[in-house]
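Enquirer: What follows is start31.txt, compact mmCIF, C-alpha atoms.
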```txt
# COMPACT_ATOMS: atom_id res chain seq x y z
CA MET A 85 -59.34 -5.06 4.33
CA LYS A 86 -59.83 -7.68 1.68
CA PRO A 87 -57.90 -10.97 2.14
CA TRP A 88 -56.09 -10.61 -1.19
CA ALA A 89 -54.80 -7.17 -0.12
CA ARG A 90 -53.40 -8.66 3.11
CA TYR A 91 -51.67 -11.41 1.13
CA LEU A 92 -50.23 -8.86 -1.27
CA ILE A 93 -48.92 -6.71 1.62
CA CYS A 94 -47.39 -9.79 3.31
CA ILE A 95 -45.69 -10.87 0.07
CA ALA A 96 -44.32 -7.36 -0.53
CA LEU A 97 -43.03 -7.09 3.06
CA GLY A 98 -41.50 -10.57 2.83
CA LEU A 99 -39.69 -9.66 -0.38
CA ILE A 100 -38.39 -6.38 1.05
CA VAL A 101 -37.19 -8.00 4.29
CA GLY A 102 -35.61 -10.89 2.33
CA VAL A 103 -33.71 -8.60 -0.04
CA LEU A 104 -32.51 -6.38 2.82
CA TYR A 105 -31.37 -9.42 4.82
CA ALA A 106 -29.53 -10.91 1.83
CA ALA A 107 -27.76 -7.59 1.19
CA TRP A 108 -26.77 -7.37 4.86
CA VAL A 109 -25.41 -10.97 4.88
CA VAL A 110 -23.27 -10.33 1.78
CA ARG A 111 -22.00 -6.92 2.94
CA ALA A 112 -21.24 -8.23 6.43
CA GLY A 113 -19.50 -11.26 4.97
CA THR A 114 -15.73 -11.36 4.80
CA LEU A 115 -13.56 -13.33 2.51
CA GLY A 116 -12.75 -16.38 4.47
CA SER A 117 -15.71 -16.60 6.77
CA GLY A 118 -15.59 -20.41 6.75
CA THR A 119 -12.83 -21.34 9.23
CA ALA A 120 -11.30 -19.37 12.09
CA ILE A 121 -7.59 -19.77 12.87
CA GLY A 122 -6.83 -17.35 15.69
CA ALA A 123 -7.66 -13.84 14.46
CA TRP A 124 -7.65 -15.03 10.83
CA ARG A 125 -10.58 -16.44 8.86
CA THR A 126 -10.41 -18.43 5.66
CA GLY A 127 -12.37 -20.66 3.33
CA THR A 128 -11.31 -23.27 0.80
CA ASP A 129 -13.96 -22.82 -1.86
CA PHE A 130 -12.92 -19.45 -3.34
CA GLY A 131 -12.61 -19.54 -7.09
CA SER A 132 -13.90 -23.13 -7.29
CA GLN A 133 -16.99 -24.80 -8.65
CA ASP A 134 -17.86 -25.83 -5.09
CA GLN A 135 -18.29 -22.31 -3.72
CA SER A 136 -21.66 -21.42 -2.28
CA ALA A 137 -23.92 -18.69 -3.61
CA ARG A 138 -23.03 -16.60 -0.53
CA THR A 139 -19.29 -17.00 -1.20
CA ARG A 140 -19.80 -16.04 -4.84
CA ALA A 141 -21.69 -12.91 -3.78
CA VAL A 142 -19.08 -11.89 -1.20
CA VAL A 143 -16.25 -12.47 -3.71
CA ALA A 144 -18.10 -10.46 -6.33
CA LEU A 145 -18.56 -7.60 -3.87
CA ARG A 146 -15.22 -7.65 -2.02
CA GLY A 147 -12.76 -10.12 -3.48
CA LEU A 148 -12.16 -9.39 -7.08
CA LEU A 149 -10.51 -12.21 -9.00
CA ALA A 150 -10.35 -14.79 -6.20
CA LEU A 151 -8.18 -17.70 -7.27
CA PRO A 152 -8.80 -21.37 -6.43
CA ALA A 153 -7.11 -22.72 -3.27
CA ARG A 154 -4.39 -24.54 -5.23
CA GLU A 155 -3.19 -21.14 -6.52
CA ALA A 156 -3.88 -18.85 -3.54
CA ARG A 157 -5.29 -18.98 -0.04
CA TYR A 158 -6.90 -15.91 1.51
CA TYR A 159 -6.97 -15.08 5.22
CA THR A 160 -8.76 -12.05 6.64
CA ALA A 161 -8.61 -10.51 10.10
CA ALA A 162 -10.96 -7.88 11.50
CA THR A 163 -9.73 -8.38 15.09
CA ASP A 164 -6.39 -8.62 16.87
CA ASP A 165 -5.20 -11.77 18.68
CA ALA A 166 -7.20 -10.72 21.77
CA GLY A 167 -10.42 -10.56 19.74
CA ARG A 168 -10.70 -6.74 19.76
CA PRO A 169 -11.82 -5.04 16.50
CA LEU A 170 -8.94 -3.49 14.54
CA ASP A 171 -9.06 0.27 15.17
CA GLY A 172 -7.37 2.67 12.75
CA ARG A 173 -6.41 5.07 15.53
CA CYS A 174 -4.20 2.43 17.17
CA ARG A 175 -0.80 0.93 16.40
CA TYR A 176 -0.47 -2.81 15.82
CA ARG A 177 2.50 -5.11 15.42
CA VAL A 178 1.96 -7.96 12.96
CA THR A 179 4.70 -10.57 13.26
CA GLY A 180 5.16 -13.72 11.31
CA GLY A 181 7.64 -16.11 9.84
CA ALA A 182 8.00 -18.28 6.79
CA LEU A 183 4.54 -19.15 5.48
CA PRO A 184 3.75 -22.43 3.70
CA ALA A 185 3.60 -20.80 0.26
CA ARG A 186 5.91 -19.51 -2.48
CA TRP A 187 5.19 -15.88 -1.59
CA TRP A 188 2.64 -13.82 0.30
CA SER A 189 1.22 -10.32 0.71
CA LEU A 190 -0.46 -8.46 3.58
CA THR A 191 -2.94 -5.72 2.60
CA LEU A 192 -5.01 -3.28 4.67
CA TYR A 193 -8.61 -2.49 3.64
CA ASP A 194 -11.31 -0.26 5.06
CA GLY A 195 -14.55 -1.80 6.30
CA ALA A 196 -16.10 -1.67 2.82
CA GLY A 197 -13.20 -3.60 1.30
CA TYR A 198 -11.33 -0.70 -0.33
CA LEU A 199 -7.66 0.19 -0.01
CA ALA A 200 -7.13 2.76 2.72
CA GLY A 201 -4.98 5.87 2.90
CA ASP A 202 -2.34 7.02 0.46
CA GLY A 203 -0.22 3.87 0.56
CA PRO A 204 1.75 1.82 0.89
CA TYR A 205 -1.19 -0.54 0.52
CA SER A 206 0.54 -3.87 0.88
CA ILE A 207 3.70 -5.53 2.18
CA GLY A 208 4.83 -8.76 0.56
CA SER A 209 7.46 -11.39 1.06
CA ALA A 210 9.23 -10.11 -2.07
CA SER A 211 9.95 -6.83 -0.24
CA LEU A 212 11.68 -8.58 2.65
CA SER A 213 15.42 -9.13 2.83
CA PRO A 214 16.58 -12.76 3.00
CA ALA A 215 17.39 -12.23 6.69
CA GLU A 216 13.77 -11.14 7.37
CA GLN A 217 12.09 -14.05 5.58
CA GLU A 218 12.14 -16.29 8.69
CA ARG A 219 10.93 -13.62 11.12
CA TRP A 220 9.28 -10.40 9.94
CA THR A 221 7.34 -7.50 11.44
CA VAL A 222 4.88 -5.05 9.89
CA LEU A 223 3.72 -2.06 11.90
CA ILE A 224 0.19 -0.85 11.25
CA ALA A 225 -0.53 2.69 12.44
CA PRO A 226 -2.07 6.02 11.43
CA THR A 227 1.35 7.73 11.33
CA PRO A 228 4.56 6.66 9.54
CA GLN A 229 6.58 4.01 11.36
CA PRO A 230 10.15 2.78 10.87
CA GLY A 231 10.59 -0.41 8.88
CA HIS A 232 7.67 -2.07 7.14
CA TRP A 233 4.51 -0.01 7.71
CA LEU A 234 0.89 0.04 6.51
CA PRO A 235 -1.14 3.22 7.15
CA THR A 236 -4.60 2.98 8.70
CA ALA A 237 -5.77 6.45 7.58
CA LYS A 238 -7.26 6.72 11.12
CA LEU A 239 -10.23 4.57 10.09
CA ASP A 240 -12.67 3.54 12.78
CA ARG A 241 -12.31 -0.07 11.67
CA PHE A 242 -10.11 -1.86 9.15
CA GLU A 243 -9.37 -5.38 7.98
CA LEU A 244 -6.20 -7.18 6.98
CA THR A 245 -6.00 -9.68 4.15
CA LEU A 246 -3.12 -12.13 3.97
CA ARG A 247 -2.77 -13.82 0.60
CA THR A 248 -0.53 -16.86 0.25
CA TYR A 249 0.33 -17.70 -3.35
CA LEU A 250 1.06 -21.23 -4.56
CA PRO A 251 0.46 -22.67 -1.09
CA ALA A 252 2.07 -25.88 0.10
CA ASP A 253 -0.03 -29.01 -0.45
CA ALA A 254 -1.89 -27.16 -3.23
CA GLY A 255 -4.03 -25.34 -0.64
CA ARG A 256 -5.90 -28.43 0.57
CA THR A 257 -5.32 -27.57 4.23
CA SER A 258 -4.90 -24.39 6.28
CA PRO A 259 -1.72 -23.51 8.13
CA ALA A 260 -1.60 -24.11 11.87
CA ARG A 261 -2.27 -21.14 14.17
CA ASP A 262 1.44 -20.70 14.92
CA GLN A 263 2.22 -20.45 11.19
CA LEU A 264 -0.05 -17.44 10.63
CA PRO A 265 1.04 -13.95 11.71
CA SER A 266 0.11 -12.63 15.14
CA ILE A 267 -1.66 -9.26 15.44
CA ARG A 268 -0.91 -7.41 18.67
CA LYS A 269 -2.25 -4.01 19.68
CA GLU A 270 0.50 -1.77 21.04
CA ALA A 271 -0.98 1.69 21.64
CA CYS A 272 -3.88 3.97 20.75
CA ALA A 273 -3.88 7.68 20.00
```
Mind turning the file's structure into structure tokens?
Expert:
Amino acid sequence: MKPWARYLICIALGLIVGVLYAAWVVRAGTLGSGTAIGAWRTGTDFGSQDQSARTRAVVALRGLLALPAREARYYTAATDDAGRPLDGRCRYRVTGGALPARWWSLTLYDGAGYLAGDGPYSIGSASLSPAEQERWTVLIAPTPQPGHWLPTAKLDRFELTLRTYLPADAGRTSPARDQLPSIRKEACA
């Protein structure tokens, strides 16, 4: 084989492997892959001029209209507090309290970043009674549950996104672990 043909084959293979790897990195990326706080992951560069090319690609693929940290902070969880992947055939109890923000929402997505099931798709602080604001619980399960519930549609895997809007200190820092909700597995079908 001529040397130029070998070079051409190597260049073509390098391009193919590079493109496939880049696509895998972006698709495997989650919003908030920068800092881990318990089961939750977050980043501070969403919607800013400082965001990396990888963050821009992940936001373009999975996080439509990401706002800068001073307006919203995003936290994602693909595991429970014990580090086990979130399984749509199981029931989870997500408990939290007052978050350092004006209001918040908790949304369930499938592994590709799409809303799952037939709704409800999200629970927010605006839907809580004043008595619940300091200590709240959301049940996540494949079948309807009493109280606040998000359906899993029996997905193999799912992710949770917690959005805090108008965060305290303009989003310059992340909340402490004990300020973010806990995710505890209760039972599996």
Enquirer: What residues have an atom no more than 9 Å from (5.2, -0.2, 11.6) in the file's own frame, counting all atoms listed in the file, and can you write them as a PyMOL selection string?
Expert: chain A and resi 175-178+221-225+227-235
Enquirer: Separation of atom CA of Tyr198 of chain A and atom CA of Ser258 of chain A, in Å?
Expert: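 If I compute the distance from atom CA of Tyr198 of chain A to atom CA of Ser258 of chain A, I get 25.4 Å.
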Enquirer: Could you pull the residues within 8 Å of Ser266 of chain A, counting only C-alpha atoms, minus those fewer than 6 positions along the same chain, as number ranges by chain?
Expert: A: 123, 164-165, 177-180
Enquirer: Choose the residue, out of A:Ala156, A:Cys272, A:Ala161, A:Ala196, that has the smallest atom-to-atom separation from Ala252 of chain A; count only C-alpha atoms.
Expert: A:Ala156
Enquirer: Hey, can you check how far atom CA of Leu239 of chain A sits from atom CA of Gly172 of chain A?
Expert: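 Between atom CA of Leu239 of chain A and atom CA of Gly172 of chain A the gap works out to 4.3 Å.
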Enquirer: Atom CA of Leu170 of chain A and atom CA of Thr248 of chain A are how many Å apart?
Expert: 21.3 Å
Enquirer: Using only C-alpha atoms, which of the listed residues (A:Ser209, A:Gln217, A:Thr191, A:Gln263) sits closest to Leu246 of chain A?
Expert: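 Nearest candidate to Leu246 of chain A out of A:Ser209, A:Gln217, A:Thr191, A:Gln263: A:Thr191.
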Enquirer: For Ala271 of chain A, which of A:Leu183, A:Ala96, A:Arg173, A:Pro87 is the closest residue, counting all atoms listed in the file?
Expert: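 Among the listed residues, A:Arg173 lies closest to Ala271 of chain A.
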Enquirer: For Thr119 of chain A, list every protein, DNA or RNA residue within 10 Å, evaluated using only C-alpha atoms, and leave out those in the same chain fewer than 4 positions away; present the list as a list in words.
Expert: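 The neighbour list is Trp124, Arg125, Thr126, Gly127, Thr128, Tyr159 and Ser258 of chain A.
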Enquirer: Kindly indicate which residue among A:Val101, A:Ala273, A:Ile121, A:Ile267 lies nearest to Leu190 of chain A, using all atoms listed in the file for the distances.
Expert: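 Nearest candidate to Leu190 of chain A out of A:Val101, A:Ala273, A:Ile121, A:Ile267: A:Ile267.
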Enquirer: Which of these, A:Pro152, A:Pro265, A:Gly201, A:Pro214, has the shortest distance to Ser189 of chain A once you count all atoms listed in the file?
Expert: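 Using all atoms listed in the file, the shortest distance to Ser189 of chain A belongs to A:Pro265.
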Enquirer: Please identify all polymer residues within 6 Å of Arg247 of chain A, counting only C-alpha atoms, omitting same-chain residues fewer than 4 positions from it, and present them as an NGL selection string.
Expert: :A and (157-158 or 188-189)
